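Peer 1: Supplied structure: model.cif, mmCIF, C-alpha atoms.
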```cif
data_work
#
loop_
_atom_site.group_PDB
_atom_site.id
_atom_site.type_symbol
_atom_site.label_atom_id
_atom_site.label_comp_id
_atom_site.auth_asym_id
_atom_site.auth_seq_id
_atom_site.Cartn_x
_atom_site.Cartn_y
_atom_site.Cartn_z
ATOM 1 C CA MET A 1 -12.715 -35.154 23.982
ATOM 2 C CA LEU A 2 -11.879 -38.243 21.987
ATOM 3 C CA ALA A 3 -9.899 -41.007 23.639
ATOM 4 C CA ALA A 4 -6.217 -40.805 22.892
ATOM 5 C CA GLN A 5 -5.309 -42.786 19.823
ATOM 6 C CA THR A 6 -2.965 -42.449 16.910
ATOM 7 C CA THR A 7 -4.558 -41.718 13.559
ATOM 8 C CA ALA A 8 -1.429 -40.974 11.597
ATOM 9 C CA ASN A 9 -1.874 -44.128 9.515
ATOM 10 C CA LYS A 10 -5.456 -43.247 8.536
ATOM 11 C CA GLY A 11 -4.863 -40.176 6.426
ATOM 12 C CA TYR A 12 -3.054 -36.904 5.932
ATOM 13 C CA SER A 13 -4.132 -33.337 5.401
ATOM 14 C CA GLN A 14 -3.346 -31.504 2.187
ATOM 15 C CA ASP A 15 -0.064 -30.235 3.587
ATOM 16 C CA GLY A 16 1.025 -33.753 4.561
ATOM 17 C CA PHE A 17 0.474 -33.410 8.299
ATOM 18 C CA PRO A 18 -1.164 -36.523 9.833
ATOM 19 C CA LEU A 19 -4.827 -36.349 10.789
ATOM 20 C CA LEU A 20 -4.456 -36.546 14.565
ATOM 21 C CA GLN A 21 -7.301 -36.527 17.077
ATOM 22 C CA GLY A 22 -7.350 -36.759 20.856
ATOM 23 C CA ALA A 23 -5.151 -35.634 23.710
ATOM 24 C CA TYR A 24 -1.363 -35.662 23.355
ATOM 25 C CA LEU A 25 -1.431 -35.495 19.556
ATOM 26 C CA GLY A 26 -3.489 -38.686 19.590
ATOM 27 C CA GLN A 27 -0.511 -40.799 20.665
ATOM 28 C CA GLN A 28 -0.936 -44.120 22.465
ATOM 29 C CA THR A 29 -0.331 -43.356 26.120
ATOM 30 C CA PRO A 30 2.487 -45.095 28.024
ATOM 31 C CA GLY A 31 2.470 -47.025 31.293
ATOM 32 C CA VAL A 32 5.348 -47.180 33.749
ATOM 33 C CA LEU A 33 7.868 -47.837 30.977
ATOM 34 C CA PRO A 34 8.874 -44.676 29.085
ATOM 35 C CA LYS A 35 8.099 -44.344 25.387
ATOM 36 C CA VAL A 36 9.386 -41.964 22.748
ATOM 37 C CA PHE A 37 6.784 -39.248 22.244
ATOM 38 C CA ALA A 38 5.399 -38.744 18.731
ATOM 39 C CA LYS A 39 8.313 -40.300 16.869
ATOM 40 C CA GLY A 40 8.878 -38.511 13.563
ATOM 41 C CA LEU A 41 6.524 -35.673 14.499
ATOM 42 C CA VAL A 42 8.001 -34.221 17.688
ATOM 43 C CA SER A 43 10.946 -36.538 18.357
ATOM 44 C CA ILE A 44 12.845 -36.170 15.083
ATOM 45 C CA ASP A 45 16.209 -37.769 14.336
ATOM 46 C CA GLY A 46 19.111 -35.326 14.355
ATOM 47 C CA ARG A 47 17.334 -32.724 16.486
ATOM 48 C CA TYR A 48 17.246 -32.080 20.239
ATOM 49 C CA GLU A 49 13.748 -31.934 21.766
ATOM 50 C CA TYR A 50 13.133 -30.854 25.357
ATOM 51 C CA GLY A 51 10.977 -28.663 27.574
ATOM 52 C CA VAL A 52 7.358 -29.474 26.664
ATOM 53 C CA THR A 53 4.187 -27.880 28.039
ATOM 54 C CA PHE A 54 0.462 -28.441 27.413
ATOM 55 C CA SER A 55 -2.620 -26.330 27.978
ATOM 56 C CA ALA A 56 -4.964 -27.434 30.760
ATOM 57 C CA ASP A 57 -7.524 -28.711 28.226
ATOM 58 C CA LEU A 58 -4.718 -30.594 26.419
ATOM 59 C CA LYS A 59 -5.546 -28.874 23.119
ATOM 60 C CA GLU A 60 -2.234 -26.998 22.833
ATOM 61 C CA ILE A 61 1.345 -28.248 22.901
ATOM 62 C CA TYR A 62 4.556 -26.198 22.970
ATOM 63 C CA PHE A 63 8.089 -27.620 23.021
ATOM 64 C CA SER A 64 11.735 -26.735 22.361
ATOM 65 C CA ALA A 65 13.613 -28.016 19.341
ATOM 66 C CA GLN A 66 17.241 -27.367 18.517
ATOM 67 C CA LEU A 67 19.617 -28.472 15.787
ATOM 68 C CA PRO A 68 23.236 -29.158 16.783
ATOM 69 C CA ASP A 69 25.259 -25.945 17.180
ATOM 70 C CA LYS A 70 22.180 -23.789 16.532
ATOM 71 C CA THR A 71 19.933 -21.758 18.809
ATOM 72 C CA ALA A 72 16.652 -23.230 20.004
ATOM 73 C CA ASP A 73 13.117 -22.554 18.807
ATOM 74 C CA ILE A 74 9.711 -23.147 20.344
ATOM 75 C CA TYR A 75 7.233 -25.043 18.189
ATOM 76 C CA PHE A 76 3.537 -25.450 18.848
ATOM 77 C CA SER A 77 0.332 -27.040 17.622
ATOM 78 C CA THR A 78 -3.297 -26.482 18.583
ATOM 79 C CA VAL A 79 -6.539 -28.357 18.040
ATOM 80 C CA GLU A 80 -8.928 -26.828 15.533
ATOM 81 C CA ASN A 81 -12.102 -28.532 14.303
ATOM 82 C CA ASN A 82 -11.130 -31.545 16.406
ATOM 83 C CA LEU A 83 -7.796 -32.010 14.574
ATOM 84 C CA TRP A 84 -4.246 -31.111 15.568
ATOM 85 C CA GLN A 85 -2.800 -28.511 13.210
ATOM 86 C CA PRO A 86 0.666 -28.580 11.590
ATOM 87 C CA PHE A 87 3.464 -27.367 13.831
ATOM 88 C CA LYS A 88 4.440 -23.717 13.658
ATOM 89 C CA LYS A 89 7.481 -21.922 15.045
ATOM 90 C CA ALA A 90 6.690 -19.376 17.727
ATOM 91 C CA ASN A 91 8.344 -15.978 17.733
ATOM 92 C CA PHE A 92 7.472 -14.607 21.142
ATOM 93 C CA THR A 93 10.321 -12.060 21.219
ATOM 94 C CA GLN A 94 9.639 -10.859 17.647
ATOM 95 C CA GLY A 95 13.251 -11.471 16.684
ATOM 96 C CA ASP A 96 14.705 -9.594 19.641
ATOM 97 C CA LYS A 97 16.360 -12.816 20.807
ATOM 98 C CA ALA A 98 17.892 -15.532 18.654
ATOM 99 C CA GLY A 99 16.976 -18.432 20.918
ATOM 100 C CA GLU A 100 13.646 -19.240 22.564
ATOM 101 C CA MET A 101 13.204 -22.428 24.569
ATOM 102 C CA GLU A 102 11.668 -24.217 27.563
ATOM 103 C CA PRO A 103 8.099 -22.890 27.400
ATOM 104 C CA PHE A 104 5.756 -23.147 30.380
ATOM 105 C CA LEU A 105 2.063 -22.331 29.956
ATOM 106 C CA SER A 106 0.174 -21.159 33.033
ATOM 107 C CA LEU A 107 -2.795 -23.264 34.091
ATOM 108 C CA ASP A 108 -5.249 -20.569 33.017
ATOM 109 C CA GLY A 109 -3.572 -20.427 29.600
ATOM 110 C CA LYS A 110 -3.033 -16.673 29.747
ATOM 111 C CA GLN A 111 0.728 -16.498 30.297
ATOM 112 C CA MET A 112 3.696 -18.170 28.667
ATOM 113 C CA TYR A 113 6.989 -18.215 30.550
ATOM 114 C CA PHE A 114 10.071 -19.215 28.562
ATOM 115 C CA THR A 115 13.833 -18.775 28.255
ATOM 116 C CA ALA A 116 15.373 -16.472 25.640
ATOM 117 C CA TYR A 117 18.992 -15.677 24.763
ATOM 118 C CA ASN A 118 21.309 -14.081 22.204
ATOM 119 C CA ALA A 119 22.907 -15.702 19.173
ATOM 120 C CA ASP A 120 26.169 -16.081 21.107
ATOM 121 C CA PHE A 121 24.217 -17.905 23.868
ATOM 122 C CA SER A 122 24.608 -14.956 26.262
ATOM 123 C CA ASP A 123 21.983 -13.005 28.234
ATOM 124 C CA THR A 124 19.925 -16.072 29.103
ATOM 125 C CA LYS A 125 16.839 -14.815 30.931
ATOM 126 C CA ILE A 126 13.209 -15.610 31.736
ATOM 127 C CA TRP A 127 10.678 -13.922 29.460
ATOM 128 C CA LEU A 128 6.904 -13.626 29.658
ATOM 129 C CA ALA A 129 4.245 -13.403 26.957
ATOM 130 C CA ASN A 130 0.599 -12.582 27.702
ATOM 131 C CA ARG A 131 -2.299 -13.848 25.644
ATOM 132 C CA LYS A 132 -5.036 -11.507 24.489
ATOM 133 C CA GLY A 133 -7.954 -13.478 23.138
ATOM 134 C CA LYS A 134 -6.398 -16.172 20.973
ATOM 135 C CA GLU A 135 -3.238 -14.209 20.144
ATOM 136 C CA TRP A 136 0.059 -14.016 22.011
ATOM 137 C CA GLN A 137 1.337 -10.499 22.569
ATOM 138 C CA SER A 138 5.001 -9.673 22.048
ATOM 139 C CA ALA A 139 6.946 -10.998 25.022
ATOM 140 C CA LYS A 140 8.989 -8.979 27.479
ATOM 141 C CA LYS A 141 11.852 -9.920 29.758
ATOM 142 C CA LEU A 142 10.479 -10.583 33.218
ATOM 143 C CA ASP A 143 10.980 -7.486 35.350
ATOM 144 C CA SER A 144 12.376 -9.153 38.439
ATOM 145 C CA PRO A 145 15.626 -9.703 40.363
ATOM 146 C CA ILE A 146 15.339 -13.246 38.978
ATOM 147 C CA ASN A 147 16.937 -11.922 35.805
ATOM 148 C CA ASP A 148 19.900 -10.355 37.580
ATOM 149 C CA GLU A 149 21.641 -13.697 36.945
ATOM 150 C CA GLU A 150 21.878 -16.076 33.989
ATOM 151 C CA VAL A 151 18.780 -18.253 34.433
ATOM 152 C CA PHE A 152 16.604 -20.724 32.570
ATOM 153 C CA PHE A 153 13.838 -23.343 32.788
ATOM 154 C CA SER A 154 11.023 -21.691 34.705
ATOM 155 C CA THR A 155 7.968 -23.560 35.999
ATOM 156 C CA LEU A 156 5.005 -22.209 37.899
ATOM 157 C CA ALA A 157 3.118 -23.440 40.952
ATOM 158 C CA LYS A 158 -0.635 -22.886 41.253
ATOM 159 C CA ASN A 159 -0.116 -19.959 43.658
ATOM 160 C CA GLY A 160 2.181 -18.222 41.160
ATOM 161 C CA ASP A 161 5.539 -19.036 42.772
ATOM 162 C CA LEU A 162 8.174 -19.381 40.058
ATOM 163 C CA PHE A 163 10.892 -22.042 40.176
ATOM 164 C CA PHE A 164 13.937 -21.794 37.908
ATOM 165 C CA THR A 165 17.616 -22.696 37.534
ATOM 166 C CA ASP A 166 20.566 -20.380 38.123
ATOM 167 C CA ILE A 167 22.911 -21.497 35.371
ATOM 168 C CA PHE A 168 26.299 -20.596 36.835
ATOM 169 C CA LYS A 169 25.408 -21.698 40.360
ATOM 170 C CA SER A 170 23.843 -24.926 39.034
ATOM 171 C CA GLN A 171 21.092 -24.690 41.626
ATOM 172 C CA THR A 172 17.302 -24.501 41.704
ATOM 173 C CA TYR A 173 15.803 -21.259 42.984
ATOM 174 C CA TYR A 174 12.304 -19.903 43.466
ATOM 175 C CA SER A 175 10.675 -16.511 43.731
ATOM 176 C CA ALA A 176 7.372 -16.017 45.542
ATOM 177 C CA PHE A 177 4.615 -14.194 43.669
ATOM 178 C CA ILE A 178 3.664 -11.316 45.971
ATOM 179 C CA ASN A 179 1.416 -8.388 45.032
ATOM 180 C CA GLY A 180 1.804 -9.161 41.358
ATOM 181 C CA HIS A 181 5.612 -9.210 41.374
ATOM 182 C CA TYR A 182 8.506 -11.642 41.666
ATOM 183 C CA GLY A 183 10.959 -10.443 44.281
ATOM 184 C CA LYS A 184 14.401 -11.554 45.341
ATOM 185 C CA PRO A 185 14.846 -15.253 44.598
ATOM 186 C CA GLU A 186 15.777 -17.809 47.230
ATOM 187 C CA LYS A 187 17.613 -21.089 46.850
ATOM 188 C CA VAL A 188 15.348 -24.099 47.164
ATOM 189 C CA ALA A 189 16.496 -26.061 50.211
ATOM 190 C CA ILE A 190 17.387 -29.286 48.423
ATOM 191 C CA ASP A 191 20.675 -31.151 48.274
ATOM 192 C CA PHE A 192 21.168 -30.891 44.508
ATOM 193 C CA GLY A 193 19.420 -30.661 41.171
ATOM 194 C CA VAL A 194 18.621 -28.346 38.256
ATOM 195 C CA HIS A 195 15.755 -28.050 35.762
ATOM 196 C CA GLY A 196 13.402 -28.061 38.733
ATOM 197 C CA PHE A 197 9.773 -28.766 37.859
ATOM 198 C CA ILE A 198 7.416 -27.842 40.675
ATOM 199 C CA SER A 199 4.048 -29.604 40.996
ATOM 200 C CA PRO A 200 1.025 -27.249 41.076
ATOM 201 C CA THR A 201 0.500 -27.678 44.831
ATOM 202 C CA GLN A 202 4.248 -27.798 45.534
ATOM 203 C CA ASP A 203 3.966 -31.272 47.046
ATOM 204 C CA TYR A 204 6.871 -32.545 44.939
ATOM 205 C CA LEU A 205 9.779 -31.215 42.913
ATOM 206 C CA LEU A 206 11.455 -32.994 40.004
ATOM 207 C CA VAL A 207 15.075 -32.251 39.116
ATOM 208 C CA ASP A 208 17.894 -33.742 37.110
ATOM 209 C CA SER A 209 21.463 -34.189 38.238
ATOM 210 C CA ARG A 210 24.559 -36.204 37.491
ATOM 211 C CA SER A 211 23.913 -39.680 38.813
ATOM 212 C CA ARG A 212 24.663 -39.763 42.542
ATOM 213 C CA GLU A 213 24.494 -43.527 43.068
ATOM 214 C CA ASP A 214 27.581 -44.446 41.006
ATOM 215 C CA ALA A 215 30.565 -42.119 41.039
ATOM 216 C CA SER A 216 31.901 -43.642 37.808
ATOM 217 C CA ARG A 217 28.860 -42.457 35.816
ATOM 218 C CA THR A 218 28.772 -39.082 34.093
ATOM 219 C CA ASP A 219 25.192 -39.159 32.808
ATOM 220 C CA SER A 220 22.263 -37.326 34.399
ATOM 221 C CA ASP A 221 19.298 -38.928 36.175
ATOM 222 C CA ILE A 222 15.911 -37.595 37.255
ATOM 223 C CA TYR A 223 15.127 -37.336 40.980
ATOM 224 C CA VAL A 224 12.088 -36.369 43.017
ATOM 225 C CA TYR A 225 11.823 -34.505 46.314
ATOM 226 C CA PHE A 226 8.598 -34.662 48.331
ATOM 227 C CA LYS A 227 7.351 -31.837 50.571
ATOM 228 C CA GLN A 228 7.172 -32.996 54.193
ATOM 229 C CA PRO A 229 4.633 -31.937 56.853
ATOM 230 C CA ASP A 230 7.113 -29.423 58.307
ATOM 231 C CA GLN A 231 7.414 -27.865 54.796
ATOM 232 C CA THR A 232 10.986 -29.059 54.294
ATOM 233 C CA TRP A 233 11.968 -31.225 51.369
ATOM 234 C CA SER A 234 12.710 -34.935 51.659
ATOM 235 C CA LYS A 235 15.952 -36.471 50.526
ATOM 236 C CA ALA A 236 16.251 -36.899 46.769
ATOM 237 C CA ILE A 237 14.848 -40.162 45.408
ATOM 238 C CA ASN A 238 16.127 -41.552 42.112
ATOM 239 C CA LEU A 239 13.247 -42.422 39.762
ATOM 240 C CA GLY A 240 14.783 -45.815 39.097
ATOM 241 C CA THR A 241 16.253 -47.740 36.203
ATOM 242 C CA ASP A 242 13.089 -47.834 34.094
ATOM 243 C CA VAL A 243 13.245 -44.032 33.778
ATOM 244 C CA ASN A 244 16.974 -43.458 34.295
ATOM 245 C CA SER A 245 19.015 -45.357 31.750
ATOM 246 C CA ALA A 246 22.725 -45.358 30.936
ATOM 247 C CA PHE A 247 22.002 -42.228 28.875
ATOM 248 C CA SER A 248 21.328 -38.789 30.332
ATOM 249 C CA GLU A 249 17.751 -37.947 31.302
ATOM 250 C CA THR A 250 16.962 -34.260 31.778
ATOM 251 C CA VAL A 251 14.326 -31.492 31.829
ATOM 252 C CA PRO A 252 11.392 -33.286 33.499
ATOM 253 C CA SER A 253 7.862 -31.888 33.438
ATOM 254 C CA VAL A 254 4.372 -33.160 34.230
ATOM 255 C CA THR A 255 1.198 -32.615 32.220
ATOM 256 C CA PRO A 256 -1.577 -30.393 33.651
ATOM 257 C CA ASP A 257 -3.798 -33.415 34.333
ATOM 258 C CA GLY A 258 -0.996 -34.916 36.446
ATOM 259 C CA LYS A 259 -1.012 -38.174 34.495
ATOM 260 C CA PHE A 260 2.273 -38.144 32.565
ATOM 261 C CA MET A 261 5.858 -37.056 33.028
ATOM 262 C CA PHE A 262 7.843 -35.886 30.014
ATOM 263 C CA PHE A 263 11.633 -35.752 29.844
ATOM 264 C CA SER A 264 14.518 -35.815 27.395
ATOM 265 C CA ARG A 265 16.769 -38.814 26.954
ATOM 266 C CA TYR A 266 20.046 -38.334 25.089
ATOM 267 C CA ASP A 267 19.963 -41.722 23.433
ATOM 268 C CA GLU A 268 20.166 -40.785 19.794
ATOM 269 C CA GLN A 269 23.346 -41.064 17.739
ATOM 270 C CA HIS A 270 25.903 -38.336 18.574
ATOM 271 C CA GLY A 271 24.263 -37.752 21.959
ATOM 272 C CA ILE A 272 21.154 -36.002 20.660
ATOM 273 C CA SER A 273 17.975 -36.121 22.738
ATOM 274 C CA ASN A 274 14.497 -37.457 22.091
ATOM 275 C CA LEU A 275 11.389 -36.555 24.053
ATOM 276 C CA TYR A 276 9.981 -39.390 26.198
ATOM 277 C CA TRP A 277 6.878 -39.730 28.347
ATOM 278 C CA VAL A 278 5.806 -42.101 31.114
ATOM 279 C CA SER A 279 2.973 -42.487 33.603
ATOM 280 C CA THR A 280 3.376 -40.444 36.786
ATOM 281 C CA GLU A 281 2.875 -43.713 38.637
ATOM 282 C CA VAL A 282 6.694 -43.784 38.576
ATOM 283 C CA ILE A 283 6.608 -40.723 40.854
ATOM 284 C CA GLU A 284 3.689 -41.703 43.067
ATOM 285 C CA SER A 285 5.103 -45.165 43.713
ATOM 286 C CA LEU A 286 8.045 -43.473 45.454
ATOM 287 C CA ARG A 287 5.954 -41.202 47.665
ATOM 288 C CA PRO A 288 6.415 -42.217 51.326
ATOM 289 C CA ASN A 289 3.304 -43.706 52.936
ATOM 290 C CA SER A 290 3.330 -40.922 55.495
ATOM 291 C CA LEU A 291 2.821 -38.381 52.696
ATOM 292 C CA ARG A 292 0.064 -40.149 50.805
#
```
Reformat the file's structure so that it appears as structure tokens.

Peer 2:
Amino acid sequence: MLAAQTTANKGYSQDGFPLLQGAYLGQQTPGVLPKVFAKGLVSIDGRYEYGVTFSADLKEIYFSAQLPDKTADIYFSTVENNLWQPFKKANFTQGDKAGEMEPFLSLDGKQMYFTAYNADFSDTKIWLANRKGKEWQSAKKLDSPINDEEVFFSTLAKNGDLFFTDIFKSQTYYSAFINGHYGKPEKVAIDFGVHGFISPTQDYLLVDSRSREDASRTDSDIYVYFKQPDQTWSKAINLGTDVNSAFSETVPSVTPDGKFMFFSRYDEQHGISNLYWVSTEVIESLRPNSLR
């Protein structure tokens, strides 16, 4: 695979889409200071972007995009003939649901978990689409007690355990994958946090929450919990001022190679979000020495 680089200034395809090569749409990778991701391509002025997922080979990207006061859509691009293709809108539910958002692609690339809901923003549930060959089959609502509540933002550990947010309880839950099914969910034993992203080996959990360090602030920050030797979770650790600004930061996720964290920052005019990314060094630098 070609080294990541931006080629947008070197030419365009016939339909006007930039000729992009390399991982992450060929964008210049960030260090420990967050950068807007793919400005003008993914992060577009006047539109919310959040909830991004990549395939394990980094040749597919899926993300949520939403115009103010509208339902969300999932957009995607794949690499063909060594070039990223123009973005297309997914339609996993075949029109059964008005809104589709927060995709999560399994590590083997065969399953897509996402959130779907009605035009009136009701019936928010976790859905699942299976891939047959190169094509996604029509999705179905996950048959599990998970969907007995209003839920969203599902992420998957390597062993199949599913982590998600109960909307009305504003808490992170998980359901163990046992004999091919997701049973009764259990609350994750953490102090606070929603939009929980679980690492593949479940050694850390990212969440967002209203800033806990300053009671006068109303914006959200991103926190990390680390799994301890006794299998309990550590206290929440704020990712710090380089990641957490005076704006709200939400919906964290980490790329399959473990190198970059993506999140949304609501720093655009009228409180609209852009998609940012940063090196996962910002997470690892906070890991206690005893857990390294």

Peer 1: Quick one: which residues end up in the PyMOL selection byres ((chain A and resi 119) around 10) for this structure, as a VMD selection string?

Peer 2: chain A and resid 70 to 72 97 to 99 116 to 118 120 to 123

Peer 1: Using all atoms listed in the file, can you tell me which of A:Pro256, A:Ala56, A:Thr172, A:Gly51 comes closest to Phe114 in chain A?

Peer 2: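 Checking each candidate against Phe114 in chain A, we get A:Gly51 as the closest.
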
Peer 1: Residues around (-2.2, -24.6, 26.0), cut-off 10 Å, counting all atoms listed in the file - what are they as a PyMOL selection string?

Peer 2: chain A and resi 53-62+76-79+104-112+256

Peer 1: Suppose you want the space between CA of Ser175 in chain A and CA of Phe163 in chain A; what is it in Å?

Peer 2: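 Separating CA of Ser175 in chain A from CA of Phe163 in chain A is a distance of 6.6 Å.
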
Peer 1: Got a sec: who's within 8 Å of Leu128 in chain A, counting all atoms listed in the file, leaving out chain neighbours fewer than 2 positions off, as a ChimeraX atom specification?

Peer 2: /A:111-114,126,130,139-142

Peer 1: Any chance you can output those residues with C-alpha atoms as a PDB file, in the coordinates of the input?

Peer 2:
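Now in again22.pdb:
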```pdb
ATOM      1  CA  GLN A 111       0.728 -16.498  30.297  1.00  0.00           C
ATOM      2  CA  MET A 112       3.696 -18.170  28.667  1.00  0.00           C
ATOM      3  CA  TYR A 113       6.989 -18.215  30.550  1.00  0.00           C
ATOM      4  CA  PHE A 114      10.071 -19.215  28.562  1.00  0.00           C
ATOM      5  CA  ILE A 126      13.209 -15.610  31.736  1.00  0.00           C
ATOM      6  CA  ASN A 130       0.599 -12.582  27.702  1.00  0.00           C
ATOM      7  CA  ALA A 139       6.946 -10.998  25.022  1.00  0.00           C
ATOM      8  CA  LYS A 140       8.989  -8.979  27.479  1.00  0.00           C
ATOM      9  CA  LYS A 141      11.852  -9.920  29.758  1.00  0.00           C
ATOM     10  CA  LEU A 142      10.479 -10.583  33.218  1.00  0.00           C
TER      11      LEU A 142
END
```

Peer 1: For the atom pair CA of Trp277 in chain A and CA of Val243 in chain A, what is the interatomic distance in Å to one decimal place?

Peer 2: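 Distance between the two atoms: 9.4 Å.
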
Peer 1: For the file shown, report as a list in words the outcome of the PyMOL selection byres ((chain A and resi 263) around 9) at residue level.

Peer 2: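 Listing what the PyMOL selection byres ((chain A and resi 263) around 9) selects in the shown file: Tyr50, Gly51, Val52, Ile222, Glu249, Thr250, Val251, Pro252, Ser253, Val254, Met261, Phe262, Ser264, Arg265, Asn274, Leu275, Tyr276, Trp277 and Val278 of chain A.
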
Peer 1: Do a neighbour search on Leu41 in chain A at 12 Å with only C-alpha atoms, toss out local chain neighbours closer than 2 positions, and write the hits as a ChimeraX atom specification.

Peer 2: /A:6,8,16-20,24-27,36-39,43-45,47,49,63,65,75-77,84-87,274-275

Peer 1: To test your reading of the syntax: which residues would the PyMOL selection byres ((chain A and resi 160) around 9) return for the file shown? Reply as a list in words.

Peer 2: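 For this structure, the PyMOL selection byres ((chain A and resi 160) around 9) resolves to Ser106, Leu156, Ala157, Lys158, Asn159, Asp161, Leu162, Ala176, Phe177 and Ile178 of chain A.
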
Peer 1: Write a file of the just-selected residues containing C-alpha atoms, as an mmCIF file, keeping the file's coordinate frame.

Peer 2:
```
data_model
loop_
_atom_site.group_PDB
_atom_site.id
_atom_site.type_symbol
_atom_site.label_atom_id
_atom_site.label_comp_id
_atom_site.auth_asym_id
_atom_site.auth_seq_id
_atom_site.Cartn_x
_atom_site.Cartn_y
_atom_site.Cartn_z
ATOM 1 C CA SER A 106 0.174 -21.159 33.033
ATOM 2 C CA LEU A 156 5.005 -22.209 37.899
ATOM 3 C CA ALA A 157 3.118 -23.440 40.952
ATOM 4 C CA LYS A 158 -0.635 -22.886 41.253
ATOM 5 C CA ASN A 159 -0.116 -19.959 43.658
ATOM 6 C CA ASP A 161 5.539 -19.036 42.772
ATOM 7 C CA LEU A 162 8.174 -19.381 40.058
ATOM 8 C CA ALA A 176 7.372 -16.017 45.542
ATOM 9 C CA PHE A 177 4.615 -14.194 43.669
ATOM 10 C CA ILE A 178 3.664 -11.316 45.971
#
```

Peer 1: So which residues touch Thr280 in chain A within 10 Å, counting only C-alpha atoms, skipping near sequence neighbours fewer than 5 positions away, as an mmCIF file with C-alpha atoms, in the frame of the given file?

Peer 2:
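File written: selection23.cif
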```cif
data_model
loop_
_atom_site.group_PDB
_atom_site.id
_atom_site.type_symbol
_atom_site.label_atom_id
_atom_site.label_comp_id
_atom_site.auth_asym_id
_atom_site.auth_seq_id
_atom_site.Cartn_x
_atom_site.Cartn_y
_atom_site.Cartn_z
ATOM 1 C CA PRO A 30 2.487 -45.095 28.024
ATOM 2 C CA GLY A 31 2.470 -47.025 31.293
ATOM 3 C CA VAL A 32 5.348 -47.180 33.749
ATOM 4 C CA VAL A 254 4.372 -33.160 34.230
ATOM 5 C CA THR A 255 1.198 -32.615 32.220
ATOM 6 C CA GLY A 258 -0.996 -34.916 36.446
ATOM 7 C CA LYS A 259 -1.012 -38.174 34.495
ATOM 8 C CA PHE A 260 2.273 -38.144 32.565
ATOM 9 C CA MET A 261 5.858 -37.056 33.028
ATOM 10 C CA PHE A 262 7.843 -35.886 30.014
ATOM 11 C CA SER A 285 5.103 -45.165 43.713
#
```

Peer 1: Please return the centre and edge lengths, in Å to one decimal, of a box with edges along x, y and z that contains all listed atoms of range 275-289 of chain A, widened by 4 Å on every side, as lines of an AutoDock Vina configuration file.

Peer 2:
```
center_x = 7.1
center_y = -40.9
center_z = 38.5
size_x = 16.5
size_y = 16.6
size_z = 36.9
```

Peer 1: Write out as a list of chain:residue names which residues come within 7 Å of Ile237 in chain A when counting all atoms listed in the file, dropping same-chain ones fewer than 2 positions away.

Peer 2: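 In the requested form, the answer reads A:Tyr223, A:Val224, A:Tyr225, A:Lys235, A:Leu239.
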
Peer 1: Taking 3 positions as the minimum chain separation for residues in the same chain, which residues sit within 9 Å of Asn91 in chain A when counting only C-alpha atoms? Answer as a ChimeraX atom specification.

Peer 2: /A:73-74,94-95,100,138-139

Peer 1: List as a short mmCIF file (atom, residue, chain, number, x, y, z; two decimals) with C-alpha atoms, keeping the file's coordinate frame: which residues have an atom within 7 Å of (7.8, -38.4, 54.5), counting all atoms listed in the file?

Peer 2:
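Final file, result25.cif:
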```cif
data_model
loop_
_atom_site.label_atom_id
_atom_site.label_comp_id
_atom_site.auth_asym_id
_atom_site.auth_seq_id
_atom_site.Cartn_x
_atom_site.Cartn_y
_atom_site.Cartn_z
CA GLN A 228 7.17 -33.00 54.19
CA SER A 234 12.71 -34.94 51.66
CA PRO A 288 6.42 -42.22 51.33
CA SER A 290 3.33 -40.92 55.50
CA LEU A 291 2.82 -38.38 52.70
#
```
